[in-house]
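Worksheet for the structure shown next.
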Amino acid sequence: MNEVVITGLGVVSPSGVGKRQFWANIKFGRSFISKIERFDASLYRSHIAGVVKGMDTYTHLSERLLKKIDLFSHMALVASEAALTDANIDMQNENKDRTGIFMGNAIGGWLYAETELRDLYLEGREGVSPYMASAWFPAAPQGQISIYYEIKGYSKTVVSDRASSLQAIGYARKVLKQNKLDLILAGGMEAPVTPYALLCCNTSGVLSDGNDSPQTAYKPFDKDRNGFAIGEGSGVLILESLERAKKRNAQIYAKILGFATNCDGVDRIKPDINGAGLAAAIELALKDANVTPDEIDYICADGAATYEADISETRAIKKVFKDRAKKIPVSAPKAMFGNLLGASGAVDTISTILAMQNNLAPATINYQTPDPECDLDYVPNQARETKIDKALIISRGRGGINAVLVLGKV
């Protein structure tokens, strides 16, 4: 079966737009969490977030198109263009029937939806944009990418909370291995910094209320953690077979060695505190990759910064890696820019690829007070030089959804 590689990266995040700016801020451990200014969020329990600024500076889209789409589609189109450019791919020269789009997000495009619903109640149906129906739903970015590049191949949108985009990447790899497509744009997008979306996230009970000190509020694995800060953004990767990439002399960032996904089956919201389901997913991904636990050099953690999630993730890693667990760098770079929900897995994959390329494990910032229950090497507060040939990425959704991806250098 075909070996699948990653040949292009496109990222839109609070830490930067484009891989160079993004990585420069990640490696220096800069926090981009701040108080929300887009609307008055002062009455929310948590009113901090990672927000993308200056989108208009980077966009290649027309004003006419921007009026028809939500911010999450806008960010996805910018990330897609960056990924294609990075991979040196001109879609006009590709077989568009053999090109696919695999994307993931958790909540859809609520900035557009909320605005139009408000107008509906204030002005009646005449006040609602005709593009409302096509702008907000979770598959809208997939559709917009398809229209913009005239892509016609088999495509899919995955909605499984925070595991969405890592599952999308995993499914894209499966389709390429089966030779159903030649080229896939895979990743995710999320734009949850809106009044209603923020309300939903607040009522879920997983957000930090460290509003007085936004930059230090998101602290995965720290004893004083109390939830994550949300963020908005998009990550898109170009996937193709190793054979095709070599034929066109492409830059190859990494090979996707293995993938697995499963469910805890314990609680409708919280993960299994013992980490049994996640441990099983990690073992399945390693088996799929034909990689032993001793070969993993770095783990990009889900790092949700809630009591149950951090403990269960730590326990799962211990179950699989046993005595070596404490020797593997495990970090959560998303603490710098926020948890991008459905897009988090894709952006974590990009940060992991750049970590492999630079042999530098990103830090888990804001780590001050060790938790006896969380006693791994979380690369506290400062990035560390370390050789990374094989890496593992963990992404988890509410209700015990687990997704694990294994990457290796080519």
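Naming scheme: A, B, ... for chains in displayed order of the structure tokens; residues 1 onward per chain; ligands 1 onward as shown.
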Q: Apply DSSP to the structure's backbone, then extract all residues of stretch 83-194 of chain A labelled alpha helix (DSSP H) and return them as a ChimeraX atom specification.
A: /A:83-86,110-123,132-135,140-149,164-177
Q: For A:Ile6, list every protein, DNA or RNA residue within 7 Å, evaluated using only C-alpha atoms, and leave out those in the same chain fewer than 4 positions away; present the list as JSON, numbers by chain.
A: {"A": [237, 238, 239, 240, 252, 253, 254, 255]}
Limited to N, CA, C and O atoms, could you put the picked residues into a file as a PDB file, in the first residue's frame?
```pdb
ATOM      1  N   LEU A 237      -2.755  20.688   5.780  1.00  0.00           N
ATOM      2  CA  LEU A 237      -1.568  19.972   5.325  1.00  0.00           C
ATOM      3  C   LEU A 237      -1.830  19.371   3.946  1.00  0.00           C
ATOM      4  O   LEU A 237      -2.963  18.994   3.634  1.00  0.00           O
ATOM      5  N   ILE A 238      -0.781  19.281   3.146  1.00  0.00           N
ATOM      6  CA  ILE A 238      -0.870  18.619   1.849  1.00  0.00           C
ATOM      7  C   ILE A 238      -0.371  17.193   2.007  1.00  0.00           C
ATOM      8  O   ILE A 238       0.764  16.965   2.436  1.00  0.00           O
ATOM      9  N   LEU A 239      -1.234  16.222   1.682  1.00  0.00           N
ATOM     10  CA  LEU A 239      -0.895  14.809   1.776  1.00  0.00           C
ATOM     11  C   LEU A 239      -0.848  14.195   0.383  1.00  0.00           C
ATOM     12  O   LEU A 239      -1.719  14.457  -0.452  1.00  0.00           O
ATOM     13  N   GLU A 240       0.152  13.373   0.149  1.00  0.00           N
ATOM     14  CA  GLU A 240       0.272  12.640  -1.103  1.00  0.00           C
ATOM     15  C   GLU A 240       1.127  11.405  -0.859  1.00  0.00           C
ATOM     16  O   GLU A 240       1.697  11.233   0.224  1.00  0.00           O
ATOM     17  N   ILE A 252       9.689  16.954   1.508  1.00  0.00           N
ATOM     18  CA  ILE A 252       8.893  16.049   2.329  1.00  0.00           C
ATOM     19  C   ILE A 252       9.155  16.374   3.790  1.00  0.00           C
ATOM     20  O   ILE A 252      10.271  16.229   4.289  1.00  0.00           O
ATOM     21  N   TYR A 253       8.108  16.797   4.492  1.00  0.00           N
ATOM     22  CA  TYR A 253       8.246  17.152   5.908  1.00  0.00           C
ATOM     23  C   TYR A 253       8.273  15.923   6.801  1.00  0.00           C
ATOM     24  O   TYR A 253       9.063  15.840   7.734  1.00  0.00           O
ATOM     25  N   ALA A 254       7.358  14.989   6.540  1.00  0.00           N
ATOM     26  CA  ALA A 254       7.243  13.822   7.406  1.00  0.00           C
ATOM     27  C   ALA A 254       6.385  12.768   6.729  1.00  0.00           C
ATOM     28  O   ALA A 254       5.620  13.052   5.809  1.00  0.00           O
ATOM     29  N   LYS A 255       6.540  11.544   7.213  1.00  0.00           N
ATOM     30  CA  LYS A 255       5.701  10.441   6.763  1.00  0.00           C
ATOM     31  C   LYS A 255       4.675  10.147   7.858  1.00  0.00           C
ATOM     32  O   LYS A 255       5.004  10.162   9.051  1.00  0.00           O
TER      33      LYS A 255
END
```
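Atom CA of A:Gly10 lies 14.2 Å from atom CA of A:Gln251.
For A:Ile230, the set of protein, DNA and RNA residues having any atom at most 6 Å away, when counting only C-alpha atoms and skipping those fewer than 5 positions along the same chain, is Ala49, Gly338 and Asn339 of chain A.
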Take the selection from the previous step and output its residues with C-alpha atoms, as an mmCIF file, in the first residue's frame.
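Generated file (again-v3.cif):
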```
data_model
loop_
_atom_site.group_PDB
_atom_site.id
_atom_site.type_symbol
_atom_site.label_atom_id
_atom_site.label_comp_id
_atom_site.auth_asym_id
_atom_site.auth_seq_id
_atom_site.Cartn_x
_atom_site.Cartn_y
_atom_site.Cartn_z
ATOM 1 C CA ALA A 49 -9.035 33.615 24.067
ATOM 2 C CA GLY A 338 -5.365 28.529 22.868
ATOM 3 C CA ASN A 339 -7.222 25.296 22.301
#
```
Q) With only C-alpha atoms as the basis for distance, which of A:Asn381, A:Gln142, A:Ser241, A:Asn262 is at the shortest distance from A:Gln178? A)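 Answer, going by the shortest atom-to-atom distance: A:Ser241.
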Q | Nearby residues (only C-alpha atoms) at most 10 Å from A:Tyr149, same-chain spacing under 4 positions excluded, as a PyMOL selection string | A | chain A and resi 77+80-81+90-92+96+144-145
**Q.** All residues 6 Å or closer to A:Gly108, only C-alpha atoms, same chain fewer than 2 positions away omitted, as a VMD selection string
**A.** chain A and resid 136 to 138
Q: Report the distance between atom CA of A:Leu9 and atom CA of A:Thr349 in Å, rounded to one decimal place.
A: 9.6 Å
